[in-house]
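Student: Hey, dropping work34.cif in here, mmCIF, C-alpha atoms:
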```
data_entry
#
loop_
_atom_site.label_atom_id
_atom_site.label_comp_id
_atom_site.auth_asym_id
_atom_site.auth_seq_id
_atom_site.Cartn_x
_atom_site.Cartn_y
_atom_site.Cartn_z
CA MET A 430 95.72 125.40 142.08
CA ILE A 431 96.27 125.14 145.79
CA SER A 432 95.52 128.16 147.94
CA THR A 433 96.69 128.34 151.54
CA HIS A 434 95.52 131.00 154.00
CA ILE A 435 97.19 131.47 157.33
CA LEU A 436 95.40 133.49 159.97
CA LYS A 437 97.48 135.08 162.69
CA ARG A 438 96.08 136.31 165.97
CA ASN A 439 97.70 138.20 168.78
CA GLY A 440 100.86 138.94 166.87
CA GLY A 441 101.36 135.41 165.65
CA ALA A 442 100.87 133.67 169.00
CA ALA A 443 98.12 131.46 167.55
CA ALA A 444 97.89 130.36 163.95
CA ALA A 445 95.24 128.54 162.01
CA CYS A 446 95.72 127.05 158.56
CA LEU A 447 92.91 126.67 156.03
CA LEU A 448 93.58 124.74 152.84
CA PHE A 449 91.44 125.31 149.76
CA VAL A 450 91.82 123.09 146.72
CA VAL A 451 90.50 124.68 143.55
CA GLY A 452 90.62 122.69 140.33
CA LEU A 453 93.57 120.58 141.39
CA ALA A 454 94.49 118.24 138.55
CA VAL A 455 95.68 115.00 140.06
CA PRO A 456 96.38 112.28 137.51
CA ALA A 457 93.92 109.44 138.01
CA ALA A 458 95.10 105.86 137.92
CA ALA A 459 94.52 104.12 134.60
CA GLN A 460 91.06 102.64 134.87
CA LEU A 461 90.73 101.34 131.30
CA PRO A 462 92.03 98.09 129.88
CA VAL A 463 95.43 98.31 128.19
CA LEU A 464 95.37 96.65 124.77
CA THR A 465 98.42 95.35 122.90
CA VAL A 466 98.03 94.52 119.20
CA GLN A 467 100.78 92.79 117.28
CA GLU A 468 101.69 91.38 113.90
CA PRO A 469 104.89 89.30 113.84
CA GLU A 470 106.48 91.06 110.85
CA LEU A 471 105.19 94.59 111.48
CA GLY A 472 105.52 95.14 115.22
CA GLN A 473 103.56 95.65 118.42
CA TRP A 474 101.49 98.61 119.60
CA THR A 475 99.79 99.49 122.88
CA PHE A 476 96.50 101.38 123.23
CA GLU A 477 94.46 102.74 126.14
CA GLY A 478 91.07 104.43 125.75
CA VAL A 479 89.15 105.06 122.56
CA ASP A 480 90.83 108.19 121.21
CA ALA A 481 94.19 106.74 120.17
CA ALA A 482 95.48 107.56 116.71
CA LEU A 483 95.68 104.80 114.15
CA VAL A 484 99.08 103.19 113.63
CA ALA A 485 100.10 103.39 109.95
CA VAL A 486 101.98 100.54 108.26
CA GLU A 487 102.81 99.58 104.70
CA VAL A 488 102.82 96.04 103.35
CA GLY A 489 103.49 94.45 100.01
CA GLU A 490 100.71 93.22 97.80
CA GLY A 491 99.66 89.70 98.78
CA GLU A 492 101.50 89.72 102.12
CA ALA A 493 99.84 87.50 104.75
CA LEU A 494 98.92 89.45 107.89
CA ASP A 495 98.53 87.64 111.22
CA PHE A 496 97.23 90.07 113.83
CA SER A 497 96.75 89.06 117.44
CA TRP A 498 96.04 90.98 120.65
CA LEU A 499 95.80 90.77 124.40
CA ALA A 500 94.59 93.20 127.06
CA VAL A 501 95.35 93.57 130.73
CA PRO A 502 93.02 95.23 133.23
CA GLY A 503 93.62 98.86 134.09
CA ASP A 504 94.47 99.89 137.63
CA GLY A 505 90.77 99.76 138.45
CA GLY A 506 91.09 95.98 138.40
CA ALA A 507 87.96 95.20 136.35
CA ALA A 508 88.29 91.87 134.58
CA ILE A 509 88.45 91.72 130.78
CA SER A 510 85.02 90.64 129.53
CA GLY A 511 85.60 90.39 125.80
CA TYR A 512 87.21 91.38 122.53
CA ARG A 513 86.03 92.03 119.01
CA TYR A 514 87.67 93.15 115.79
CA GLY A 515 86.65 94.48 112.42
CA TRP A 516 88.06 95.51 109.07
CA ASP A 517 87.41 98.84 107.34
CA LEU A 518 84.83 100.14 109.82
CA VAL A 519 82.99 103.35 109.01
CA ASP A 520 82.43 104.22 112.70
CA PRO A 521 84.32 102.14 115.29
CA SER A 522 82.16 103.57 118.09
CA ASP A 523 79.01 102.20 116.40
CA PRO A 524 78.33 98.75 117.87
CA PHE A 525 76.30 97.90 114.75
CA ASP A 526 78.88 98.99 112.16
CA PRO A 527 78.82 96.25 109.52
CA GLY A 528 82.62 96.07 109.54
CA TRP A 529 82.72 94.40 112.96
CA ALA A 530 83.60 90.76 112.23
CA THR A 531 82.31 89.44 115.56
CA ASP A 532 80.42 90.31 118.70
CA LEU A 533 82.36 90.54 121.97
CA GLN A 534 83.95 87.20 122.82
CA PRO A 535 86.03 86.47 125.93
CA ASP A 536 88.67 84.36 124.17
CA LEU A 537 88.94 86.12 120.80
CA LEU A 538 92.68 86.87 120.69
CA ALA A 539 93.44 86.91 116.95
CA ALA A 540 92.00 87.53 113.51
CA PRO A 541 92.23 84.93 110.76
CA THR A 542 95.16 85.48 108.38
CA GLN A 543 94.27 88.31 106.02
CA VAL A 544 95.74 89.04 102.58
CA PHE A 545 95.04 92.24 100.63
CA SER A 546 95.92 92.90 97.00
CA THR A 547 95.34 96.66 96.85
CA GLY A 548 94.18 99.70 98.77
CA VAL A 549 94.16 101.04 102.30
CA HIS A 550 92.55 98.88 104.98
CA THR A 551 92.03 99.40 108.69
CA LEU A 552 91.92 96.84 111.48
CA HIS A 553 90.12 97.91 114.66
CA VAL A 554 90.30 95.86 117.87
CA GLU A 555 88.10 96.62 120.87
CA VAL A 556 88.33 95.29 124.41
CA ARG A 557 85.79 95.78 127.19
CA ASP A 558 86.00 95.10 130.90
CA ASP A 559 83.42 94.24 133.56
CA ALA A 560 83.16 97.92 134.58
CA ASP A 561 82.21 98.92 130.99
CA GLY A 562 85.69 100.32 130.35
CA VAL A 563 86.52 100.32 126.64
CA THR A 564 89.81 100.50 124.80
CA ARG A 565 90.04 100.50 121.03
CA GLY A 566 93.15 100.31 118.87
CA GLY A 567 93.59 100.49 115.15
CA VAL A 568 96.14 99.77 112.45
CA GLU A 569 95.88 101.41 109.03
CA ILE A 570 97.46 99.19 106.38
CA THR A 571 98.50 100.61 103.02
CA VAL A 572 99.10 97.93 100.42
CA ILE A 573 102.01 98.79 98.12
CA PRO A 574 101.88 97.16 94.68
CA PRO A 575 105.06 95.58 93.34
CA VAL A 576 107.30 97.75 91.20
CA PRO A 577 107.55 96.25 87.73
CA VAL A 578 111.08 95.37 86.73
CA ARG A 579 111.89 95.61 83.07
CA SER A 580 114.66 93.46 81.76
CA ARG A 581 117.38 95.28 79.84
CA SER A 582 119.51 94.17 76.97
CA TRP A 583 123.31 94.02 77.33
CA SER A 584 123.65 97.08 75.11
CA GLU A 585 121.32 99.07 77.42
CA VAL A 586 123.28 97.96 80.49
CA ARG A 587 126.62 98.92 78.87
CA ALA A 588 125.17 102.33 77.95
CA LEU A 589 124.00 102.89 81.55
CA VAL A 590 127.38 102.10 83.06
CA GLY A 591 129.28 104.04 80.43
CA ARG A 592 131.04 101.25 78.53
#
```
In C-alpha coordinates, write the structure found in this file.
Tutor:
Amino acid sequence: MISTHILKRNGGAAAACLLFVVGLAVPAAAQLPVLTVQEPELGQWTFEGVDAALVAVEVGEGEALDFSWLAVPGDGGAAISGYRYGWDLVDPSDPFDPGWATDLQPDLLAAPTQVFSTGVHTLHVEVRDDADGVTRGGVEITVIPPVPVRSRSWSEVRALVGR
(Lines of atoms letter the chains of each structure in order from A and count residues from 1; the text may use other names and numbers.)
(Lines give C-alpha, C1' and ligand atoms only; values in the text may rest on other atoms or scores of the structure.)
Protein backbone atom coordinates (compact mmCIF):
# COMPACT_ATOMS: atom_id res chain seq x y z
CA MET A 1 0.00 0.00 0.00
CA ILE A 2 1.32 3.41 -0.85
CA SER A 3 0.15 6.36 1.22
CA THR A 4 0.78 9.92 0.08
CA HIS A 5 0.21 12.96 2.28
CA ILE A 6 0.26 16.45 0.89
CA LEU A 7 0.57 19.35 3.29
CA LYS A 8 -0.69 22.73 2.15
CA ARG A 9 0.29 25.99 3.77
CA ASN A 10 -0.93 29.49 3.18
CA GLY A 11 -3.81 28.44 0.99
CA GLY A 12 -1.77 26.13 -1.18
CA ALA A 13 1.08 28.54 -1.88
CA ALA A 14 3.64 26.03 -0.59
CA ALA A 15 3.26 22.28 -0.72
CA ALA A 16 5.29 19.46 0.72
CA CYS A 17 4.90 15.81 -0.22
CA LEU A 18 5.66 12.94 2.14
CA LEU A 19 5.62 9.40 0.77
CA PHE A 20 5.10 6.45 3.10
CA VAL A 21 5.50 2.91 1.83
CA VAL A 22 3.73 0.35 3.98
CA GLY A 23 4.00 -3.31 3.06
CA LEU A 24 4.57 -2.66 -0.62
CA ALA A 25 4.87 -5.97 -2.42
CA VAL A 26 7.36 -5.55 -5.22
CA PRO A 27 8.17 -8.77 -7.06
CA ALA A 28 11.80 -9.66 -6.46
CA ALA A 29 13.97 -10.85 -9.32
CA ALA A 30 14.37 -14.62 -9.50
CA GLN A 31 17.35 -15.39 -7.33
CA LEU A 32 17.19 -19.19 -7.49
CA PRO A 33 18.54 -21.46 -10.19
CA VAL A 34 16.02 -22.46 -12.86
CA LEU A 35 16.06 -26.22 -13.45
CA THR A 36 14.84 -27.98 -16.60
CA VAL A 37 14.29 -31.74 -16.45
CA GLN A 38 13.54 -33.73 -19.57
CA GLU A 39 12.91 -37.23 -20.85
CA PRO A 40 12.89 -37.55 -24.65
CA GLU A 41 9.61 -39.47 -24.90
CA LEU A 42 7.74 -37.82 -22.01
CA GLY A 43 8.55 -34.13 -22.26
CA GLN A 44 10.34 -31.27 -20.54
CA TRP A 45 9.51 -29.43 -17.31
CA THR A 46 10.92 -26.33 -15.62
CA PHE A 47 11.23 -25.81 -11.86
CA GLU A 48 12.29 -22.93 -9.61
CA GLY A 49 12.53 -23.18 -5.82
CA VAL A 50 11.80 -26.18 -3.64
CA ASP A 51 8.01 -26.08 -3.36
CA ALA A 52 7.06 -27.07 -6.91
CA ALA A 53 4.48 -29.80 -7.35
CA LEU A 54 5.57 -33.11 -8.79
CA VAL A 55 4.92 -33.68 -12.48
CA ALA A 56 2.86 -36.86 -13.02
CA VAL A 57 3.51 -39.15 -15.98
CA GLU A 58 2.50 -42.67 -16.95
CA VAL A 59 4.75 -45.17 -18.70
CA GLY A 60 4.40 -48.72 -19.88
CA GLU A 61 5.92 -51.60 -17.99
CA GLY A 62 9.56 -52.09 -18.99
CA GLU A 63 9.87 -48.73 -20.77
CA ALA A 64 13.42 -47.32 -20.68
CA LEU A 65 13.54 -43.86 -19.09
CA ASP A 66 16.40 -41.48 -19.92
CA PHE A 67 16.14 -38.39 -17.72
CA SER A 68 18.53 -35.48 -18.07
CA TRP A 69 18.59 -31.94 -16.68
CA LEU A 70 20.28 -28.58 -16.83
CA ALA A 71 20.00 -25.44 -14.72
CA VAL A 72 20.71 -21.80 -15.42
CA PRO A 73 21.53 -19.24 -12.73
CA GLY A 74 18.72 -17.07 -11.42
CA ASP A 75 18.82 -13.31 -11.85
CA GLY A 76 21.09 -13.14 -8.81
CA GLY A 77 23.86 -14.47 -11.05
CA ALA A 78 25.26 -17.08 -8.64
CA ALA A 79 27.03 -19.85 -10.54
CA ILE A 80 25.63 -23.40 -10.49
CA SER A 81 27.73 -25.42 -8.04
CA GLY A 82 26.23 -28.88 -8.42
CA TYR A 83 23.42 -31.33 -9.07
CA ARG A 84 22.18 -34.52 -7.49
CA TYR A 85 19.28 -36.87 -8.10
CA GLY A 86 17.49 -39.65 -6.32
CA TRP A 87 14.72 -42.18 -6.77
CA ASP A 88 11.80 -42.69 -4.38
CA LEU A 89 13.02 -40.32 -1.67
CA VAL A 90 11.14 -40.19 1.62
CA ASP A 91 12.12 -36.55 2.31
CA PRO A 92 13.77 -34.63 -0.55
CA SER A 93 14.79 -31.84 1.84
CA ASP A 94 16.81 -34.33 3.93
CA PRO A 95 20.39 -34.29 2.63
CA PHE A 96 20.90 -37.77 4.12
CA ASP A 97 17.78 -39.41 2.66
CA PRO A 98 18.96 -42.83 1.47
CA GLY A 99 17.20 -42.33 -1.86
CA TRP A 100 19.73 -39.74 -3.05
CA ALA A 101 21.85 -41.58 -5.63
CA THR A 102 24.77 -39.15 -5.44
CA ASP A 103 26.23 -36.21 -3.58
CA LEU A 104 26.30 -32.84 -5.33
CA GLN A 105 28.42 -33.00 -8.47
CA PRO A 106 29.12 -30.09 -10.83
CA ASP A 107 28.77 -32.08 -14.06
CA LEU A 108 26.00 -34.54 -13.16
CA LEU A 109 23.50 -33.83 -15.95
CA ALA A 110 21.67 -37.17 -16.33
CA ALA A 111 20.63 -40.34 -14.55
CA PRO A 112 21.50 -43.76 -15.91
CA THR A 113 18.71 -45.35 -17.97
CA GLN A 114 16.07 -46.66 -15.59
CA VAL A 115 13.46 -49.37 -16.23
CA PHE A 116 10.59 -50.14 -13.86
CA SER A 117 8.28 -53.14 -14.02
CA THR A 118 5.58 -52.03 -11.57
CA GLY A 119 4.51 -49.35 -9.13
CA VAL A 120 4.81 -45.61 -8.65
CA HIS A 121 8.30 -44.13 -8.58
CA THR A 122 9.56 -40.59 -8.11
CA LEU A 123 12.65 -38.93 -9.53
CA HIS A 124 13.92 -35.87 -7.65
CA VAL A 125 16.62 -33.61 -9.07
CA GLU A 126 18.27 -30.88 -7.01
CA VAL A 127 20.52 -28.04 -8.13
CA ARG A 128 22.46 -25.67 -5.89
CA ASP A 129 24.28 -22.45 -6.66
CA ASP A 130 27.24 -20.66 -5.08
CA ALA A 131 24.89 -18.45 -3.03
CA ASP A 132 23.24 -21.55 -1.46
CA GLY A 133 20.16 -21.15 -3.66
CA VAL A 134 18.35 -24.46 -4.12
CA THR A 135 15.86 -25.63 -6.72
CA ARG A 136 14.33 -29.07 -6.66
CA GLY A 137 12.11 -30.70 -9.27
CA GLY A 138 10.35 -34.01 -9.30
CA VAL A 139 8.61 -36.40 -11.67
CA GLU A 140 6.18 -39.01 -10.38
CA ILE A 141 6.13 -42.02 -12.70
CA THR A 142 3.23 -44.47 -12.63
CA VAL A 143 4.04 -47.74 -14.36
CA ILE A 144 1.05 -49.14 -16.24
CA PRO A 145 1.09 -52.92 -16.75
CA PRO A 146 0.22 -54.26 -20.18
CA VAL A 147 -3.40 -55.16 -20.83
CA PRO A 148 -3.66 -58.86 -21.59
CA VAL A 149 -5.12 -59.58 -25.00
CA ARG A 150 -7.09 -62.77 -25.32
CA SER A 151 -7.30 -64.34 -28.71
CA ARG A 152 -10.80 -65.09 -29.96
CA SER A 153 -12.09 -67.82 -32.16
CA TRP A 154 -13.75 -67.00 -35.50
CA SER A 155 -17.13 -67.93 -34.07
CA GLU A 156 -16.65 -65.42 -31.20
CA VAL A 157 -15.61 -62.69 -33.65
CA ARG A 158 -18.65 -63.37 -35.89
CA ALA A 159 -20.92 -63.22 -32.83
CA LEU A 160 -19.41 -59.86 -31.77
CA VAL A 161 -19.93 -58.27 -35.17
CA GLY A 162 -23.38 -59.74 -35.61
CA ARG A 163 -22.81 -62.23 -38.44
Student: For the structure provided, state which residues fall under the PyMOL selection byres ((chain A and resi 535-546) around 8), and present them as a short mmCIF file (atom, residue, chain, number, x, y, z; two decimals) with C-alpha atoms, in the frame of the given file.
Tutor:
```
data_model
loop_
_atom_site.label_atom_id
_atom_site.label_comp_id
_atom_site.auth_asym_id
_atom_site.auth_seq_id
_atom_site.Cartn_x
_atom_site.Cartn_y
_atom_site.Cartn_z
CA GLU A 490 100.71 93.22 97.80
CA GLY A 491 99.66 89.70 98.78
CA GLU A 492 101.50 89.72 102.12
CA ALA A 493 99.84 87.50 104.75
CA LEU A 494 98.92 89.45 107.89
CA ASP A 495 98.53 87.64 111.22
CA PHE A 496 97.23 90.07 113.83
CA SER A 497 96.75 89.06 117.44
CA TRP A 498 96.04 90.98 120.65
CA LEU A 499 95.80 90.77 124.40
CA ILE A 509 88.45 91.72 130.78
CA SER A 510 85.02 90.64 129.53
CA GLY A 511 85.60 90.39 125.80
CA TYR A 512 87.21 91.38 122.53
CA ARG A 513 86.03 92.03 119.01
CA TYR A 514 87.67 93.15 115.79
CA LEU A 533 82.36 90.54 121.97
CA GLN A 534 83.95 87.20 122.82
CA THR A 547 95.34 96.66 96.85
CA GLY A 548 94.18 99.70 98.77
CA VAL A 572 99.10 97.93 100.42
CA PRO A 574 101.88 97.16 94.68
#
```
Student: Please define a box with edges along x, y and z of the file around all atoms of range 465-479 of chain A given in the file, extend it by 5 Å on each side, and return its centre and edge lengths in Å to one decimal, as AutoDock Vina command-line options.
Tutor:
```
--center_x 97.8 --center_y 97.2 --center_z 118.5 --size_x 27.3 --size_y 25.8 --size_z 25.3
```
Student: Given the PyMOL selection byres ((chain A and resi 569) around 8) and the file above, list the residues it selects as JSON, numbers by chain.
Tutor: {"A": [483, 484, 485, 486, 549, 550, 551, 552, 567, 568, 570, 571]}
Student: Those selected residues, please, written with C-alpha atoms and delivered as a PDB file, keeping the file's coordinate frame.
Tutor:
```
ATOM      1  CA  LEU A 483      95.680 104.800 114.150  1.00  0.00           C
ATOM      2  CA  VAL A 484      99.080 103.190 113.630  1.00  0.00           C
ATOM      3  CA  ALA A 485     100.100 103.390 109.950  1.00  0.00           C
ATOM      4  CA  VAL A 486     101.980 100.540 108.260  1.00  0.00           C
ATOM      5  CA  VAL A 549      94.160 101.040 102.300  1.00  0.00           C
ATOM      6  CA  HIS A 550      92.550  98.880 104.980  1.00  0.00           C
ATOM      7  CA  THR A 551      92.030  99.400 108.690  1.00  0.00           C
ATOM      8  CA  LEU A 552      91.920  96.840 111.480  1.00  0.00           C
ATOM      9  CA  GLY A 567      93.590 100.490 115.150  1.00  0.00           C
ATOM     10  CA  VAL A 568      96.140  99.770 112.450  1.00  0.00           C
ATOM     11  CA  ILE A 570      97.460  99.190 106.380  1.00  0.00           C
ATOM     12  CA  THR A 571      98.500 100.610 103.020  1.00  0.00           C
TER      13      THR A 571
END
```
Student: Work out how far apart CA of Arg557 in chain A and CA of Ala500 in chain A are and give it in Å to one decimal.
Tutor: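 Computing the Euclidean distance for CA of Arg557 in chain A and CA of Ala500 in chain A yields 9.2 Å.
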Student: Taking the point (95.3, 100.1, 131.1) as given in the file, collect each protein or nucleic acid residue that comes within 8 Å of it, counting all atoms listed in the file, and present the set as a VMD selection string.
Tutor: chain A and resid 459 to 464 477 501 to 504
Student: Translate the PyMOL selection byres ((chain A and resi 521) around 12), as applied to the file shown, into an explicit residue set as a PyMOL selection string.
Tutor: chain A and resi 479-481+483+513-520+522-530+551-555+563-567
Student: Would you mind writing range 564-575 of chain A with all heavy atoms, as a short mmCIF file (atom, residue, chain, number, x, y, z; two decimals), keeping the file's coordinate frame?
Tutor:
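Below is the file that was written, part.cif:
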```
data_model
loop_
_atom_site.label_atom_id
_atom_site.label_comp_id
_atom_site.auth_asym_id
_atom_site.auth_seq_id
_atom_site.Cartn_x
_atom_site.Cartn_y
_atom_site.Cartn_z
N THR A 564 88.62 100.05 125.50
CA THR A 564 89.81 100.50 124.80
C THR A 564 89.71 99.99 123.37
O THR A 564 89.28 98.86 123.14
CB THR A 564 91.10 99.98 125.48
OG1 THR A 564 91.26 100.65 126.73
CG2 THR A 564 92.33 100.24 124.63
N ARG A 565 90.10 100.86 122.45
CA ARG A 565 90.04 100.50 121.03
C ARG A 565 91.37 100.91 120.38
O ARG A 565 91.86 102.00 120.60
CB ARG A 565 88.89 101.26 120.39
CG ARG A 565 88.40 100.69 119.10
CD ARG A 565 87.16 101.44 118.57
NE ARG A 565 86.04 101.36 119.49
CZ ARG A 565 85.45 102.42 120.04
NH1 ARG A 565 85.84 103.64 119.78
NH2 ARG A 565 84.43 102.26 120.87
N GLY A 566 91.92 100.01 119.60
CA GLY A 566 93.15 100.31 118.87
C GLY A 566 92.95 100.01 117.40
O GLY A 566 92.11 99.20 117.03
N GLY A 567 93.74 100.70 116.58
CA GLY A 567 93.59 100.49 115.15
C GLY A 567 94.89 100.57 114.40
O GLY A 567 95.80 101.32 114.77
N VAL A 568 94.98 99.79 113.32
CA VAL A 568 96.14 99.77 112.45
C VAL A 568 95.66 100.04 111.03
O VAL A 568 94.80 99.32 110.52
CB VAL A 568 96.89 98.42 112.52
CG1 VAL A 568 98.11 98.43 111.61
CG2 VAL A 568 97.27 98.09 113.95
N GLU A 569 96.21 101.09 110.42
CA GLU A 569 95.88 101.41 109.03
C GLU A 569 96.96 100.81 108.14
O GLU A 569 98.15 101.12 108.29
CB GLU A 569 95.83 102.92 108.83
CG GLU A 569 95.46 103.32 107.41
CD GLU A 569 95.37 104.82 107.26
OE1 GLU A 569 96.44 105.45 107.04
OE2 GLU A 569 94.26 105.35 107.37
N ILE A 570 96.54 99.96 107.22
CA ILE A 570 97.46 99.19 106.38
C ILE A 570 97.36 99.69 104.95
O ILE A 570 96.28 99.61 104.34
CB ILE A 570 97.10 97.69 106.44
CG1 ILE A 570 97.15 97.22 107.89
CG2 ILE A 570 98.01 96.88 105.54
CD1 ILE A 570 96.16 96.14 108.21
N THR A 571 98.45 100.20 104.42
CA THR A 571 98.50 100.61 103.02
C THR A 571 99.23 99.53 102.24
O THR A 571 100.36 99.16 102.57
CB THR A 571 99.25 101.95 102.87
OG1 THR A 571 98.57 102.94 103.65
CG2 THR A 571 99.29 102.39 101.41
N VAL A 572 98.53 99.00 101.24
CA VAL A 572 99.10 97.93 100.42
C VAL A 572 99.87 98.57 99.25
O VAL A 572 99.30 99.36 98.49
CB VAL A 572 98.00 96.99 99.90
CG1 VAL A 572 98.60 95.88 99.05
CG2 VAL A 572 97.21 96.41 101.07
N ILE A 573 101.15 98.24 99.17
CA ILE A 573 102.01 98.79 98.12
C ILE A 573 102.14 97.75 97.01
O ILE A 573 102.59 96.62 97.26
CB ILE A 573 103.42 99.10 98.70
CG1 ILE A 573 103.32 100.01 99.92
CG2 ILE A 573 104.33 99.67 97.62
CD1 ILE A 573 102.74 101.35 99.65
N PRO A 574 101.75 98.13 95.78
CA PRO A 574 101.88 97.16 94.68
C PRO A 574 103.35 96.96 94.32
O PRO A 574 104.19 97.83 94.57
CB PRO A 574 101.12 97.82 93.52
CG PRO A 574 101.11 99.28 93.85
CD PRO A 574 101.17 99.39 95.35
N PRO A 575 103.66 95.82 93.73
CA PRO A 575 105.06 95.58 93.34
C PRO A 575 105.47 96.55 92.24
O PRO A 575 104.66 96.98 91.43
CB PRO A 575 105.07 94.14 92.86
CG PRO A 575 103.65 93.84 92.50
CD PRO A 575 102.79 94.73 93.37
#
```
